[in-house]
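Colleague: Sharing a structure with you now.
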Amino acid sequence: MKLDGNQKSLLAKEIELLSEKILNSEDFFTANFYFSAAYGIFDKILKMDYNKMILLTEETLQMAYLRTSALVQDEQLQKMIGLERIMETMKNIGKRIGELGDEFKKGTDYTNTLADITELAYLLTGPGIYQKNMDLI
């Protein structure tokens with residue numbers, strides 16, 4: 001089954017709503033909860049309209065979510081990064097998710113947006129923190 005214009009528009013609206021939920025979250029745990037839906041939306045798309053770009057998107061978002069969700073259990077890493085910086089990063093992820101929805105709806109290339117989301121999630125890991133603090137990123 002291929003996506004028609006209405007289905008694509010509906011899925012883009014889901015992505016837009018998800019972006020808003022992340023941006024309006026008051027804490028990291030809520031923002032991360034909403035972020036968990038991102039790869040699920042693209043998994044749904046993948047089942048209706050398989051193509052390699054959708055597969056890459058779903059897998060990339062799932063990996064980014066796994067990176068951010070590791071923080072939920074790691075209080076030491078939370079303290080190292082600081083909750084303010086974590087929330088700033090999650091809000092940036094939310095903005096990029098919104099851009100991803102727009103680009104998906106328009107049918108334009110969103111590879112750079114995926115790369116931005118991946119990098120933002122990486123910045124919430126030990127190596128990412130180190131490299132950021134050393135101005136290597």
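Identifiers in the structure tokens: chain A, B, ... in order shown; residue index from 1 per chain; ligand index from 1 in order shown.
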Could I get the residues of range 32-71 of chain A with an atom no further than 8 Å from an atom of range 86-104 of chain A, each paired with its nearest atom pair and that distance in Å to one decimal, using only C-alpha atoms, sorted by chain and residue number, as JSON lines?
Modeller:
{"residue": "A:Asn32", "atom": "CA", "partner": "A:Met90", "partner_atom": "CA", "distance": 7.5}
{"residue": "A:Phe35", "atom": "CA", "partner": "A:Gly94", "partner_atom": "CA", "distance": 7.7}
{"residue": "A:Ala38", "atom": "CA", "partner": "A:Ile97", "partner_atom": "CA", "distance": 7.8}
Colleague: Which residues are near range 125-135 of chain A? Cut-off 10 Å, only C-alpha atoms, ignore same chain within fewer than 2 positions. Put them as a ChimeraX atom specification.
Modeller: /A:67-68,70-71,77-78,80-81,119-123,137
Colleague: Could you please write out, as a PDB file with C-alpha atoms, in the first residue's frame, every residue of chain A that DSSP assigns to alpha helix (DSSP H)?
Modeller:
ATOM      1  CA  GLY A   5      -1.799  12.650  -0.017  1.00  0.00           C
ATOM      2  CA  ASN A   6      -4.381  12.452   2.795  1.00  0.00           C
ATOM      3  CA  GLN A   7      -2.490   9.724   4.660  1.00  0.00           C
ATOM      4  CA  LYS A   8       0.781  11.602   4.296  1.00  0.00           C
ATOM      5  CA  SER A   9      -0.859  14.786   5.566  1.00  0.00           C
ATOM      6  CA  LEU A  10      -2.380  12.968   8.555  1.00  0.00           C
ATOM      7  CA  LEU A  11       0.963  11.429   9.495  1.00  0.00           C
ATOM      8  CA  ALA A  12       2.678  14.813   9.127  1.00  0.00           C
ATOM      9  CA  LYS A  13       0.096  16.248  11.548  1.00  0.00           C
ATOM     10  CA  GLU A  14       0.931  13.471  14.037  1.00  0.00           C
ATOM     11  CA  ILE A  15       4.594  14.401  13.769  1.00  0.00           C
ATOM     12  CA  GLU A  16       3.740  18.095  14.236  1.00  0.00           C
ATOM     13  CA  LEU A  17       1.665  17.284  17.348  1.00  0.00           C
ATOM     14  CA  LEU A  18       4.522  15.201  18.707  1.00  0.00           C
ATOM     15  CA  SER A  19       6.937  18.085  18.155  1.00  0.00           C
ATOM     16  CA  GLU A  20       4.608  20.432  20.055  1.00  0.00           C
ATOM     17  CA  LYS A  21       4.306  17.945  22.936  1.00  0.00           C
ATOM     18  CA  ILE A  22       8.101  17.719  23.244  1.00  0.00           C
ATOM     19  CA  LEU A  23       8.510  21.501  23.016  1.00  0.00           C
ATOM     20  CA  PHE A  28      13.082  15.744  30.597  1.00  0.00           C
ATOM     21  CA  PHE A  29      11.119  12.624  31.484  1.00  0.00           C
ATOM     22  CA  THR A  30       7.927  13.905  29.851  1.00  0.00           C
ATOM     23  CA  ALA A  31       9.809  15.179  26.788  1.00  0.00           C
ATOM     24  CA  ASN A  32      11.536  11.815  26.439  1.00  0.00           C
ATOM     25  CA  PHE A  33       8.208   9.996  26.822  1.00  0.00           C
ATOM     26  CA  TYR A  34       6.814  11.942  23.866  1.00  0.00           C
ATOM     27  CA  PHE A  35      10.038  11.478  21.896  1.00  0.00           C
ATOM     28  CA  SER A  36       9.491   7.721  22.166  1.00  0.00           C
ATOM     29  CA  ALA A  37       6.537   8.103  19.783  1.00  0.00           C
ATOM     30  CA  ALA A  38       8.707   9.501  16.979  1.00  0.00           C
ATOM     31  CA  TYR A  39      10.061   6.205  15.723  1.00  0.00           C
ATOM     32  CA  GLY A  40       6.635   4.618  16.233  1.00  0.00           C
ATOM     33  CA  ILE A  41       5.069   7.049  13.775  1.00  0.00           C
ATOM     34  CA  PHE A  42       7.673   6.194  11.156  1.00  0.00           C
ATOM     35  CA  ASP A  43       7.313   2.488  11.942  1.00  0.00           C
ATOM     36  CA  LYS A  44       3.626   2.864  11.078  1.00  0.00           C
ATOM     37  CA  ILE A  45       4.539   4.664   7.851  1.00  0.00           C
ATOM     38  CA  LEU A  46       7.056   1.921   7.039  1.00  0.00           C
ATOM     39  CA  LYS A  47       4.341  -0.709   7.251  1.00  0.00           C
ATOM     40  CA  MET A  48       2.124   1.229   4.824  1.00  0.00           C
ATOM     41  CA  LYS A  52      14.714   2.690   2.474  1.00  0.00           C
ATOM     42  CA  MET A  53      14.479   6.319   3.570  1.00  0.00           C
ATOM     43  CA  ILE A  54      11.540   5.581   5.870  1.00  0.00           C
ATOM     44  CA  LEU A  55      13.451   2.576   7.243  1.00  0.00           C
ATOM     45  CA  LEU A  56      16.514   4.763   7.843  1.00  0.00           C
ATOM     46  CA  THR A  57      14.321   7.355   9.574  1.00  0.00           C
ATOM     47  CA  GLU A  58      12.635   4.818  11.845  1.00  0.00           C
ATOM     48  CA  GLU A  59      15.935   3.190  12.813  1.00  0.00           C
ATOM     49  CA  THR A  60      17.686   6.544  13.343  1.00  0.00           C
ATOM     50  CA  LEU A  61      14.897   7.870  15.561  1.00  0.00           C
ATOM     51  CA  GLN A  62      14.800   4.645  17.538  1.00  0.00           C
ATOM     52  CA  MET A  63      18.566   4.808  18.169  1.00  0.00           C
ATOM     53  CA  ALA A  64      18.317   8.484  19.158  1.00  0.00           C
ATOM     54  CA  TYR A  65      15.520   7.614  21.580  1.00  0.00           C
ATOM     55  CA  LEU A  66      17.581   4.788  23.090  1.00  0.00           C
ATOM     56  CA  ARG A  67      20.394   7.291  23.708  1.00  0.00           C
ATOM     57  CA  THR A  68      18.098   9.818  25.390  1.00  0.00           C
ATOM     58  CA  SER A  69      16.242   7.180  27.395  1.00  0.00           C
ATOM     59  CA  ALA A  70      19.532   5.915  28.853  1.00  0.00           C
ATOM     60  CA  LEU A  71      19.568   9.189  30.819  1.00  0.00           C
ATOM     61  CA  VAL A  72      16.343   8.246  32.593  1.00  0.00           C
ATOM     62  CA  GLN A  73      18.242   5.588  34.576  1.00  0.00           C
ATOM     63  CA  GLU A  75      21.384   9.996  37.641  1.00  0.00           C
ATOM     64  CA  GLN A  76      25.150  10.533  37.570  1.00  0.00           C
ATOM     65  CA  LEU A  77      25.042  11.422  33.869  1.00  0.00           C
ATOM     66  CA  GLN A  78      22.032  13.689  34.523  1.00  0.00           C
ATOM     67  CA  LYS A  79      24.099  15.567  37.114  1.00  0.00           C
ATOM     68  CA  MET A  80      27.102  15.788  34.755  1.00  0.00           C
ATOM     69  CA  ILE A  81      25.037  17.279  31.958  1.00  0.00           C
ATOM     70  CA  LEU A  83      18.860  19.200  33.700  1.00  0.00           C
ATOM     71  CA  GLU A  84      18.759  22.630  32.054  1.00  0.00           C
ATOM     72  CA  ARG A  85      21.123  21.498  29.288  1.00  0.00           C
ATOM     73  CA  ILE A  86      19.197  18.234  28.915  1.00  0.00           C
ATOM     74  CA  MET A  87      15.913  20.127  28.476  1.00  0.00           C
ATOM     75  CA  GLU A  88      17.504  22.537  26.009  1.00  0.00           C
ATOM     76  CA  THR A  89      18.710  19.561  23.984  1.00  0.00           C
ATOM     77  CA  MET A  90      15.301  17.840  24.144  1.00  0.00           C
ATOM     78  CA  LYS A  91      13.588  21.046  22.969  1.00  0.00           C
ATOM     79  CA  ASN A  92      16.062  21.206  20.064  1.00  0.00           C
ATOM     80  CA  ILE A  93      15.163  17.607  19.255  1.00  0.00           C
ATOM     81  CA  GLY A  94      11.498  18.640  19.363  1.00  0.00           C
ATOM     82  CA  LYS A  95      12.178  21.464  16.902  1.00  0.00           C
ATOM     83  CA  ARG A  96      13.988  19.075  14.567  1.00  0.00           C
ATOM     84  CA  ILE A  97      11.109  16.586  14.798  1.00  0.00           C
ATOM     85  CA  GLY A  98       8.820  19.422  13.622  1.00  0.00           C
ATOM     86  CA  GLU A  99      11.168  20.160  10.716  1.00  0.00           C
ATOM     87  CA  LEU A 100      11.244  16.448   9.902  1.00  0.00           C
ATOM     88  CA  GLY A 101       7.440  16.420   9.686  1.00  0.00           C
ATOM     89  CA  ASP A 102       7.431  19.429   7.383  1.00  0.00           C
ATOM     90  CA  GLU A 103      10.086  17.915   5.121  1.00  0.00           C
ATOM     91  CA  PHE A 104       8.299  14.547   5.099  1.00  0.00           C
ATOM     92  CA  LYS A 105       5.010  16.210   4.110  1.00  0.00           C
ATOM     93  CA  LYS A 106       6.686  18.193   1.329  1.00  0.00           C
ATOM     94  CA  THR A 111      18.759  13.552   5.788  1.00  0.00           C
ATOM     95  CA  ASN A 112      20.353  16.611   7.417  1.00  0.00           C
ATOM     96  CA  THR A 113      17.492  16.866   9.914  1.00  0.00           C
ATOM     97  CA  LEU A 114      17.995  13.194  10.848  1.00  0.00           C
ATOM     98  CA  ALA A 115      21.717  13.874  11.282  1.00  0.00           C
ATOM     99  CA  ASP A 116      20.891  16.817  13.577  1.00  0.00           C
ATOM    100  CA  ILE A 117      18.596  14.650  15.730  1.00  0.00           C
ATOM    101  CA  THR A 118      21.286  11.971  15.921  1.00  0.00           C
ATOM    102  CA  GLU A 119      23.908  14.522  16.953  1.00  0.00           C
ATOM    103  CA  LEU A 120      21.646  16.061  19.585  1.00  0.00           C
ATOM    104  CA  ALA A 121      20.977  12.638  21.123  1.00  0.00           C
ATOM    105  CA  TYR A 122      24.717  11.893  21.022  1.00  0.00           C
ATOM    106  CA  GLY A 126      29.278  10.481  28.071  1.00  0.00           C
ATOM    107  CA  PRO A 127      31.449  10.752  24.948  1.00  0.00           C
ATOM    108  CA  GLY A 128      29.172  13.448  23.525  1.00  0.00           C
ATOM    109  CA  ILE A 129      29.474  15.510  26.711  1.00  0.00           C
ATOM    110  CA  TYR A 130      33.254  15.158  26.682  1.00  0.00           C
ATOM    111  CA  GLN A 131      33.577  16.132  23.021  1.00  0.00           C
ATOM    112  CA  LYS A 132      31.204  19.091  23.457  1.00  0.00           C
ATOM    113  CA  ASN A 133      33.105  20.296  26.529  1.00  0.00           C
TER     114      ASN A 133
END
